[in-house]
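Here is the file input21.cif (mmCIF, C-alpha atoms).
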data_coords
#
loop_
_atom_site.label_atom_id
_atom_site.label_comp_id
_atom_site.auth_asym_id
_atom_site.auth_seq_id
_atom_site.Cartn_x
_atom_site.Cartn_y
_atom_site.Cartn_z
CA MET A 1 105.08 116.49 121.89
CA ALA A 2 108.47 118.10 121.42
CA GLU A 3 109.93 120.40 124.00
CA LYS A 4 109.27 124.08 123.50
CA LYS A 5 112.40 125.86 122.34
CA THR A 6 112.68 129.49 121.37
CA CYS A 7 115.65 131.66 120.47
CA GLY A 8 116.27 135.06 118.98
CA PHE A 9 118.52 133.90 116.15
CA ARG A 10 117.41 131.47 113.47
CA THR A 11 119.98 130.11 111.06
CA SER A 12 119.44 129.18 107.43
CA ILE A 13 121.93 126.35 107.88
CA GLY A 14 120.22 123.01 107.44
CA GLY A 15 121.34 119.44 107.52
CA GLN A 16 120.69 115.85 106.61
CA ALA A 17 121.44 112.62 108.41
CA LEU A 18 123.65 110.18 106.51
CA ILE A 19 124.96 106.68 107.07
CA GLU A 20 127.15 107.19 110.14
CA GLY A 21 127.43 110.88 109.39
CA VAL A 22 125.84 114.29 108.94
CA MET A 23 125.73 116.75 106.08
CA MET A 24 125.35 120.44 106.87
CA ARG A 25 124.58 123.06 104.24
CA GLY A 26 125.25 126.74 104.83
CA PRO A 27 124.92 129.83 102.64
CA GLU A 28 128.40 129.33 101.15
CA LYS A 29 129.54 125.77 101.80
CA GLN A 30 128.34 122.23 102.26
CA ALA A 31 130.12 119.84 104.59
CA ILE A 32 129.86 116.08 104.96
CA VAL A 33 131.37 114.48 108.04
CA VAL A 34 131.32 110.69 108.31
CA ARG A 35 132.74 108.47 111.02
CA ASP A 36 134.58 105.67 109.25
CA GLN A 37 134.96 102.07 110.41
CA ASP A 38 138.13 103.00 112.31
CA GLY A 39 136.19 105.58 114.34
CA GLN A 40 137.83 108.58 112.67
CA LEU A 41 135.93 111.60 111.34
CA VAL A 42 136.30 112.05 107.58
CA GLU A 43 135.47 115.52 106.28
CA LYS A 44 134.42 116.67 102.83
CA VAL A 45 133.74 120.37 102.20
CA GLU A 46 132.69 122.02 98.96
CA GLN A 47 131.68 125.50 97.90
CA LEU A 48 128.05 125.93 96.89
CA ARG A 49 127.08 127.34 93.52
CA LEU A 50 123.49 128.46 93.68
CA VAL A 51 121.38 128.11 90.55
CA LYS A 52 119.50 131.32 91.34
CA ASP A 53 122.77 133.29 91.07
CA ARG A 54 122.99 132.30 87.40
CA TYR A 55 119.25 132.40 86.72
CA PRO A 56 117.59 135.00 89.00
CA ILE A 57 114.11 133.94 87.84
CA LEU A 58 114.61 130.66 89.74
CA GLY A 59 114.83 132.63 92.99
CA VAL A 60 111.35 134.11 92.64
CA PRO A 61 108.81 133.06 95.34
CA LEU A 62 106.83 129.90 94.48
CA ILE A 63 109.38 129.00 91.79
CA ARG A 64 112.32 128.86 94.19
CA GLY A 65 110.60 126.25 96.34
CA THR A 66 110.62 123.57 93.64
CA VAL A 67 114.15 124.50 92.53
CA ASN A 68 115.54 124.31 96.07
CA PHE A 69 113.64 121.10 96.76
CA LEU A 70 115.08 119.34 93.71
CA ASP A 71 118.54 120.72 94.45
CA SER A 72 118.32 119.39 98.02
CA ILE A 73 117.27 115.97 96.78
CA VAL A 74 120.20 115.75 94.34
CA LYS A 75 122.76 116.90 96.89
CA GLY A 76 121.21 114.65 99.53
CA VAL A 77 121.42 111.57 97.30
CA LYS A 78 125.06 112.34 96.47
CA ALA A 79 125.87 112.72 100.17
CA LEU A 80 124.13 109.44 101.03
CA MET A 81 126.03 107.61 98.31
CA TYR A 82 129.30 109.10 99.58
CA SER A 83 128.62 108.02 103.18
CA ALA A 84 127.52 104.54 102.06
CA ASP A 85 130.92 103.95 100.45
CA PHE A 86 132.46 103.84 103.94
CA TYR A 87 130.23 100.91 104.90
CA PRO A 88 129.94 98.44 102.00
CA ASP A 89 127.54 95.54 102.51
CA ASP A 90 130.32 93.01 102.02
CA ALA A 91 133.88 94.23 101.70
CA ASN A 92 135.00 90.82 100.37
CA ALA A 93 132.27 90.53 97.74
CA GLN A 94 133.45 90.31 94.15
CA PRO A 95 132.06 92.91 91.71
CA SER A 96 129.39 91.59 89.37
CA LYS A 97 129.80 91.38 85.59
CA LEU A 98 127.53 94.42 85.27
CA ASP A 99 129.70 96.39 87.71
CA LEU A 100 132.82 95.47 85.78
CA TRP A 101 131.21 96.39 82.45
CA LEU A 102 130.02 99.75 83.75
CA GLU A 103 133.42 100.50 85.27
CA LYS A 104 135.13 99.67 81.96
CA HIS A 105 132.82 101.51 79.57
CA ILE A 106 131.53 104.51 81.54
CA PRO A 107 133.78 107.14 83.20
CA SER A 108 133.35 107.26 86.97
CA LYS A 109 132.07 110.86 86.98
CA LYS A 110 129.47 110.11 84.34
CA LEU A 111 128.46 106.88 86.08
CA GLU A 112 128.00 108.71 89.37
CA SER A 113 125.86 111.34 87.65
CA MET A 114 123.74 108.62 86.03
CA LEU A 115 123.25 106.83 89.35
CA VAL A 116 122.28 110.05 91.12
CA THR A 117 119.82 110.93 88.37
CA LEU A 118 118.29 107.45 88.53
CA ALA A 119 118.05 107.60 92.32
CA VAL A 120 116.34 111.01 92.20
CA ILE A 121 113.86 109.85 89.55
CA LEU A 122 113.07 106.69 91.51
CA GLY A 123 112.76 108.62 94.78
CA VAL A 124 110.43 111.28 93.39
CA GLY A 125 108.51 108.65 91.43
CA MET A 126 108.04 106.47 94.50
CA SER A 127 106.83 109.47 96.52
CA VAL A 128 104.31 110.39 93.81
CA LEU A 129 103.19 106.76 93.62
CA LEU A 130 102.77 106.34 97.38
CA PHE A 131 101.33 109.70 98.39
CA MET A 132 99.37 110.74 95.28
CA VAL A 133 98.61 107.86 92.95
CA LEU A 134 97.88 105.21 95.60
CA PRO A 135 95.45 107.37 97.66
CA THR A 136 93.59 108.33 94.48
CA PHE A 137 93.22 104.72 93.37
CA LEU A 138 92.27 103.50 96.85
CA THR A 139 89.58 106.19 97.06
CA GLY A 140 88.31 105.39 93.58
CA GLY A 141 88.17 101.69 94.39
CA LEU A 142 86.35 102.26 97.66
CA LEU A 143 83.81 104.68 96.19
CA HIS A 144 83.14 102.27 93.34
CA PHE A 145 80.83 100.50 95.80
CA PHE A 146 79.11 103.81 96.62
CA PRO A 147 78.20 105.33 93.22
CA GLY A 148 76.10 108.10 94.78
CA SER A 149 78.95 109.55 96.87
CA THR A 150 79.63 113.28 96.75
CA LEU A 151 82.80 115.01 95.55
CA TRP A 152 83.65 116.36 99.00
CA LEU A 153 83.64 112.78 100.36
CA ARG A 154 86.09 111.74 97.63
CA ASN A 155 88.40 114.66 98.50
CA LEU A 156 88.14 113.83 102.21
CA LEU A 157 88.97 110.16 101.70
CA GLU A 158 91.95 110.98 99.50
CA GLY A 159 93.27 113.27 102.21
CA VAL A 160 92.78 110.63 104.90
CA PHE A 161 94.58 108.01 102.80
CA LYS A 162 97.49 110.40 102.11
CA VAL A 163 98.05 111.11 105.81
CA ALA A 164 97.59 107.46 106.79
CA ILE A 165 100.06 106.19 104.18
CA PHE A 166 102.59 108.85 105.21
CA LEU A 167 102.28 107.81 108.87
CA ILE A 168 102.59 104.11 108.08
CA TYR A 169 105.65 104.84 105.94
CA LEU A 170 107.36 106.84 108.73
CA ILE A 171 106.57 104.26 111.40
CA ALA A 172 107.78 101.39 109.21
CA CYS A 173 111.05 103.21 108.50
CA SER A 174 111.59 104.04 112.18
CA ARG A 175 111.37 100.34 113.11
CA THR A 176 114.27 99.38 110.83
CA LYS A 177 117.55 98.85 112.73
CA ASP A 178 119.84 100.63 110.24
CA ILE A 179 117.40 103.52 109.78
CA TYR A 180 117.18 103.88 113.57
CA ARG A 181 120.85 104.90 113.63
CA VAL A 182 120.33 107.31 110.73
CA PHE A 183 117.49 108.88 112.70
CA GLN A 184 119.86 109.21 115.68
CA TYR A 185 122.15 111.28 113.48
CA HIS A 186 119.04 113.23 112.45
CA GLY A 187 118.47 114.02 116.11
CA ALA A 188 122.11 115.04 116.48
CA GLU A 189 121.74 117.42 113.54
CA HIS A 190 118.70 119.13 115.08
CA LYS A 191 120.22 119.42 118.54
CA THR A 192 123.43 120.90 117.14
CA ILE A 193 121.56 123.54 115.13
CA PHE A 194 119.51 124.45 118.20
CA CYS A 195 122.72 124.84 120.22
CA TYR A 196 124.19 127.12 117.56
CA GLU A 197 120.99 129.21 117.39
CA ALA A 198 121.05 129.57 121.17
CA GLY A 199 124.52 131.13 120.94
CA LEU A 200 126.12 128.43 123.08
CA PRO A 201 129.59 126.96 122.49
CA LEU A 202 129.33 123.91 120.24
CA THR A 203 130.24 121.22 122.74
CA VAL A 204 128.73 117.79 123.26
CA GLU A 205 127.56 118.85 126.72
CA ASN A 206 125.65 121.85 125.35
CA VAL A 207 124.26 119.98 122.36
CA ARG A 208 123.03 117.13 124.53
CA LYS A 209 120.67 119.48 126.40
CA GLN A 210 118.86 120.66 123.26
CA PRO A 211 115.56 119.33 121.85
CA ARG A 212 115.69 116.93 118.94
CA HIS A 213 112.52 118.29 117.26
CA HIS A 214 113.08 121.26 114.95
CA PRO A 215 110.32 123.32 113.25
CA ARG A 216 112.30 123.63 110.00
CA CYS A 217 112.85 119.89 109.62
CA GLY A 218 112.34 118.02 106.35
CA THR A 219 109.79 115.77 108.04
CA SER A 220 107.63 118.79 108.83
CA PHE A 221 108.15 120.02 105.28
CA LEU A 222 106.90 116.74 103.79
CA PHE A 223 103.86 116.71 106.05
CA VAL A 224 102.99 120.27 105.01
CA VAL A 225 103.43 119.22 101.36
CA ILE A 226 100.78 116.56 101.89
CA PHE A 227 98.49 118.96 103.76
CA VAL A 228 98.85 121.69 101.11
CA SER A 229 98.23 119.15 98.34
CA ILE A 230 94.97 118.17 100.06
CA LEU A 231 93.84 121.82 100.27
CA LEU A 232 94.84 122.75 96.72
CA SER A 233 93.38 119.64 95.14
CA SER A 234 90.14 120.16 97.05
CA VAL A 235 89.89 123.70 95.67
CA VAL A 236 90.76 122.61 92.12
CA PHE A 237 88.35 119.68 92.13
CA GLY A 238 85.71 121.86 93.71
CA ILE A 239 85.92 124.24 90.76
CA TRP A 240 86.54 121.51 88.17
CA PRO A 241 84.78 118.33 89.35
CA ILE A 242 86.73 115.27 88.24
CA THR A 243 85.85 111.72 89.24
CA ASN A 244 87.95 109.78 86.73
CA VAL A 245 90.80 108.22 88.69
CA TRP A 246 93.43 108.60 85.94
CA LEU A 247 92.57 112.22 85.25
CA ARG A 248 92.60 113.07 88.96
CA THR A 249 96.04 111.48 89.22
CA VAL A 250 97.36 113.61 86.35
CA VAL A 251 95.99 116.77 87.98
CA HIS A 252 97.64 115.83 91.31
CA VAL A 253 101.01 115.47 89.55
CA LEU A 254 100.60 118.76 87.66
CA LEU A 255 99.81 120.54 90.92
CA LEU A 256 102.96 119.21 92.62
CA PRO A 257 105.31 122.12 91.70
CA LEU A 258 102.76 124.61 93.03
CA VAL A 259 102.28 122.52 96.18
CA VAL A 260 106.03 122.44 96.84
CA GLY A 261 106.32 126.17 96.10
CA VAL A 262 103.53 127.09 98.53
CA THR A 263 104.95 124.78 101.20
CA TYR A 264 108.42 126.30 100.85
CA GLU A 265 107.07 129.82 101.35
CA PHE A 266 105.00 128.65 104.31
CA ASN A 267 108.06 127.12 105.95
CA ARG A 268 110.05 130.31 105.40
CA TRP A 269 107.32 132.33 107.07
CA VAL A 270 106.99 129.92 110.00
CA GLY A 271 110.76 129.86 110.38
CA ARG A 272 110.85 133.62 110.94
CA HIS A 273 108.14 133.71 113.60
CA ASP A 274 107.59 132.10 116.96
CA ASN A 275 104.11 132.70 118.33
CA ALA A 276 100.98 130.77 119.27
CA LEU A 277 99.79 130.55 115.66
CA THR A 278 103.05 129.22 114.22
CA ARG A 279 103.39 126.70 117.06
CA VAL A 280 99.91 125.38 116.31
CA LEU A 281 100.62 125.20 112.58
CA THR A 282 103.90 123.34 113.08
CA ALA A 283 102.63 121.02 115.84
CA PRO A 284 101.65 118.07 113.55
CA GLY A 285 105.00 118.08 111.76
CA MET A 286 106.87 118.40 115.07
CA TRP A 287 104.92 115.43 116.44
CA MET A 288 105.85 113.33 113.40
CA GLN A 289 109.51 113.92 114.19
CA ASN A 290 108.99 111.45 117.03
CA PHE A 291 109.31 108.81 114.29
CA THR A 292 112.21 110.35 112.32
CA THR A 293 114.53 111.55 115.09
CA ASN A 294 116.10 109.57 117.92
CA GLU A 295 118.36 110.60 120.77
CA PRO A 296 121.98 110.45 119.56
CA ASP A 297 125.06 109.30 121.42
CA ASP A 298 128.09 111.52 122.02
CA SER A 299 129.98 110.33 118.94
CA MET A 300 127.04 111.27 116.72
CA MET A 301 126.86 114.73 118.26
CA GLU A 302 130.59 115.20 117.70
CA CYS A 303 130.02 114.39 114.04
CA ALA A 304 127.17 116.90 113.73
CA ILE A 305 129.11 119.59 115.57
CA ARG A 306 132.10 119.28 113.27
CA SER A 307 129.89 119.35 110.18
CA LEU A 308 128.17 122.53 111.38
CA GLU A 309 131.46 124.22 112.28
CA LEU A 310 132.68 123.72 108.72
CA VAL A 311 129.81 125.68 107.14
CA ILE A 312 129.40 128.61 109.54
CA PRO A 313 130.17 131.71 107.43
CA GLU A 314 132.99 134.01 108.48
CA GLU A 315 130.69 137.03 108.19
CA LYS A 316 128.54 137.01 111.29
CA GLY A 317 124.81 136.92 110.52
CA LYS A 318 125.21 135.95 106.87
CA ASP A 319 123.36 132.70 107.60
CA SER A 320 120.44 134.47 109.27
CA TRP A 321 117.08 132.97 108.32
#
For this file, produce the structure as structure tokens.
Amino acid sequence: MAEKKTCGFRTSIGGQALIEGVMMRGPEKQAIVVRDQDGQLVEKVEQLRLVKDRYPILGVPLIRGTVNFLDSIVKGVKALMYSADFYPDDANAQPSKLDLWLEKHIPSKKLESMLVTLAVILGVGMSVLLFMVLPTFLTGGLLHFFPGSTLWLRNLLEGVFKVAIFLIYLIACSRTKDIYRVFQYHGAEHKTIFCYEAGLPLTVENVRKQPRHHPRCGTSFLFVVIFVSILLSSVVFGIWPITNVWLRTVVHVLLLPLVVGVTYEFNRWVGRHDNALTRVLTAPGMWMQNFTTNEPDDSMMECAIRSLELVIPEEKGKDSW
């Protein structure tokens, strides 16, 4: 279990581990800091334009969760693609005919947008397939041999399969060599944010002492998404009994925006409080961070520190959670 860590100030600044780098996102700016192959830190900072500022309706509770989630995915994919450019698989490899054709016929900005869109669609689609469609079909296949089974048993088995698949996925990712380093940067991101929240100077020595498990982590968010989806689908299928596998799958997908919206509001509430109840509620997600965060080295913490420094607002407290 993660170390217990409490502090009076909680920042809204969040981050994401990249390939040999860290992205930090504050209330005004987003910063990407990557350590290139020469060992130098490369910085990229951009001003944030929030969708809710143009369309206030998208900042309403329950709606804002899905909007922010999709926005985070898009920005995260762009940041990953940017960091990957510093470490090509084979620097001497010749571009394929497809690469040359795309480069010739499609402007670079448009091509990047197309690739990001495709990556987001594939990422969301794979998540739906793994954590919603697959558990539903596995449950339906298993209960095919037990035609007299009750609806609550079907809901229970779907929930068990969702959690099991999520765990297997995390463990499999954590065993991959390249992902291990990404998860080290994930740990550096958490430790740096903890150091900032504690009001300590952002130095490697201070960051090193901090825990690597953070209650507002994306891993915890994804686990709560799965848990909330189990609860909501159980309620819906309790009111509207559905046993057809395809129809249940459609309902799961239709419920997803509500699931994400509820999870977002839950995380905001948990992020503002530190008591026995919130620690119990966040314990499973914190435990799962054992698979998605690793202890970073000093160079990784330097990267995370610089990224955080670039997004801290000039107005003190503007990034308060």
When the PyMOL selection byres ((chain A and resi 156) around 12) is applied to the structure above, which residues does it catch, written out as an mmCIF file with C-alpha atoms, in the frame of the given file?
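The resulting selection.cif:
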data_model
loop_
_atom_site.group_PDB
_atom_site.id
_atom_site.type_symbol
_atom_site.label_atom_id
_atom_site.label_comp_id
_atom_site.auth_asym_id
_atom_site.auth_seq_id
_atom_site.Cartn_x
_atom_site.Cartn_y
_atom_site.Cartn_z
ATOM 1 C CA PRO A 135 95.450 107.370 97.660
ATOM 2 C CA THR A 136 93.590 108.330 94.480
ATOM 3 C CA THR A 139 89.580 106.190 97.060
ATOM 4 C CA LEU A 143 83.810 104.680 96.190
ATOM 5 C CA SER A 149 78.950 109.550 96.870
ATOM 6 C CA THR A 150 79.630 113.280 96.750
ATOM 7 C CA LEU A 151 82.800 115.010 95.550
ATOM 8 C CA TRP A 152 83.650 116.360 99.000
ATOM 9 C CA LEU A 153 83.640 112.780 100.360
ATOM 10 C CA ARG A 154 86.090 111.740 97.630
ATOM 11 C CA ASN A 155 88.400 114.660 98.500
ATOM 12 C CA LEU A 157 88.970 110.160 101.700
ATOM 13 C CA GLU A 158 91.950 110.980 99.500
ATOM 14 C CA GLY A 159 93.270 113.270 102.210
ATOM 15 C CA VAL A 160 92.780 110.630 104.900
ATOM 16 C CA PHE A 161 94.580 108.010 102.800
ATOM 17 C CA LYS A 162 97.490 110.400 102.110
ATOM 18 C CA VAL A 163 98.050 111.110 105.810
ATOM 19 C CA PHE A 227 98.490 118.960 103.760
ATOM 20 C CA ILE A 230 94.970 118.170 100.060
ATOM 21 C CA LEU A 231 93.840 121.820 100.270
ATOM 22 C CA SER A 233 93.380 119.640 95.140
ATOM 23 C CA SER A 234 90.140 120.160 97.050
ATOM 24 C CA VAL A 235 89.890 123.700 95.670
ATOM 25 C CA PHE A 237 88.350 119.680 92.130
ATOM 26 C CA GLY A 238 85.710 121.860 93.710
#
Running the PyMOL selection byres ((chain A and resi 79) around 9) on this model by hand, what would come out? Give it as a PyMOL selection string. chain A and resi 16+18+22-23+32+74-78+80-84
For the residues selected in the previous step, produce a file with C-alpha atoms as a PDB file, keeping the file's coordinate frame.
ATOM      1  CA  GLN A  16     120.690 115.850 106.610  1.00  0.00           C
ATOM      2  CA  LEU A  18     123.650 110.180 106.510  1.00  0.00           C
ATOM      3  CA  VAL A  22     125.840 114.290 108.940  1.00  0.00           C
ATOM      4  CA  MET A  23     125.730 116.750 106.080  1.00  0.00           C
ATOM      5  CA  ILE A  32     129.860 116.080 104.960  1.00  0.00           C
ATOM      6  CA  VAL A  74     120.200 115.750  94.340  1.00  0.00           C
ATOM      7  CA  LYS A  75     122.760 116.900  96.890  1.00  0.00           C
ATOM      8  CA  GLY A  76     121.210 114.650  99.530  1.00  0.00           C
ATOM      9  CA  VAL A  77     121.420 111.570  97.300  1.00  0.00           C
ATOM     10  CA  LYS A  78     125.060 112.340  96.470  1.00  0.00           C
ATOM     11  CA  LEU A  80     124.130 109.440 101.030  1.00  0.00           C
ATOM     12  CA  MET A  81     126.030 107.610  98.310  1.00  0.00           C
ATOM     13  CA  TYR A  82     129.300 109.100  99.580  1.00  0.00           C
ATOM     14  CA  SER A  83     128.620 108.020 103.180  1.00  0.00           C
ATOM     15  CA  ALA A  84     127.520 104.540 102.060  1.00  0.00           C
TER      16      ALA A  84
END
Please identify all polymer residues within 12 Å of region 60-73 of chain A, counting all atoms listed in the file, omitting same-chain residues fewer than 4 positions from it, and present them as a compact mmCIF listing (two decimals) with C-alpha atoms, in the coordinates of the input.
# COMPACT_ATOMS: atom_id res chain seq x y z
CA GLY A 14 120.22 123.01 107.44
CA GLY A 15 121.34 119.44 107.52
CA GLN A 16 120.69 115.85 106.61
CA MET A 23 125.73 116.75 106.08
CA MET A 24 125.35 120.44 106.87
CA ARG A 25 124.58 123.06 104.24
CA GLN A 30 128.34 122.23 102.26
CA LEU A 48 128.05 125.93 96.89
CA ARG A 49 127.08 127.34 93.52
CA LEU A 50 123.49 128.46 93.68
CA VAL A 51 121.38 128.11 90.55
CA LYS A 52 119.50 131.32 91.34
CA ASP A 53 122.77 133.29 91.07
CA TYR A 55 119.25 132.40 86.72
CA PRO A 56 117.59 135.00 89.00
CA VAL A 77 121.42 111.57 97.30
CA LYS A 78 125.06 112.34 96.47
CA ALA A 79 125.87 112.72 100.17
CA LEU A 80 124.13 109.44 101.03
CA VAL A 116 122.28 110.05 91.12
CA THR A 117 119.82 110.93 88.37
CA LEU A 118 118.29 107.45 88.53
CA ALA A 119 118.05 107.60 92.32
CA VAL A 120 116.34 111.01 92.20
CA ILE A 121 113.86 109.85 89.55
CA LEU A 122 113.07 106.69 91.51
CA GLY A 123 112.76 108.62 94.78
CA VAL A 124 110.43 111.28 93.39
CA GLY A 218 112.34 118.02 106.35
CA PHE A 221 108.15 120.02 105.28
CA LEU A 222 106.90 116.74 103.79
CA VAL A 225 103.43 119.22 101.36
CA LEU A 255 99.81 120.54 90.92
CA LEU A 256 102.96 119.21 92.62
CA PRO A 257 105.31 122.12 91.70
CA LEU A 258 102.76 124.61 93.03
CA VAL A 259 102.28 122.52 96.18
CA VAL A 260 106.03 122.44 96.84
CA GLY A 261 106.32 126.17 96.10
CA VAL A 262 103.53 127.09 98.53
CA THR A 263 104.95 124.78 101.20
CA TYR A 264 108.42 126.30 100.85
CA GLU A 265 107.07 129.82 101.35
CA PHE A 266 105.00 128.65 104.31
CA ASN A 267 108.06 127.12 105.95
CA ARG A 268 110.05 130.31 105.40
CA TRP A 269 107.32 132.33 107.07
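Between CA of Ala304 (chain A) and CA of Val33 (chain A) the separation is 7.5 Å.
You can rank A:Met301, A:Phe86, A:Pro313, A:Asn290 by their closest distance to Ile171 (chain A) using only C-alpha atoms, and at the top of that list sits A:Asn290.
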Expressed in Å to a single decimal, how great is the separation between CA of Thr293 (chain A) and CA of Gly271 (chain A)? 19.3 Å
For the file shown, what are the residues hit by the PyMOL selection byres ((chain A and resi 295) around 9), laid out as number ranges by chain? A: 183-188, 208, 212, 293-294, 296-297
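Using all atoms listed in the file, the shortest contact distance between Leu41 (chain A) and any of A:Pro147, A:Thr282, A:Ile305, A:Cys217 is found at A:Ile305.
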Quick one, how far is CA of Trp240 (chain A) from CA of Phe131 (chain A)? 21.5 Å
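Minimum distance to Ile312 (chain A) across A:Val204, A:Met114, A:Met300, A:Ala31 (counting only C-alpha atoms) occurs at A:Ala31.
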Each side padded by 4 Å, which centre and which edge lengths in Å (one decimal) define the axis-aligned box around the listed atoms of region 135-143 of chain A? Give them as AutoDock Vina command-line options.
--center_x 89.6 --center_y 105.0 --center_z 95.5 --size_x 19.6 --size_y 14.6 --size_z 12.3
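Closest approach to His144 (chain A) among A:Val245, A:Met132, A:Ile19, A:Ala276: A:Val245, based on only C-alpha atoms.
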Please provide the set of residues having any atom within 10 Å of Trp246 (chain A), restricted to all atoms listed in the file, with same-chain residues fewer than 2 positions apart removed, written as a PyMOL selection string. chain A and resi 133+136-137+140+242-244+248-252
Quick one: of A:Gly141, A:Thr219, A:Ser113, A:Ile239, who's nearest to His190 (chain A), counting only C-alpha atoms? A:Thr219
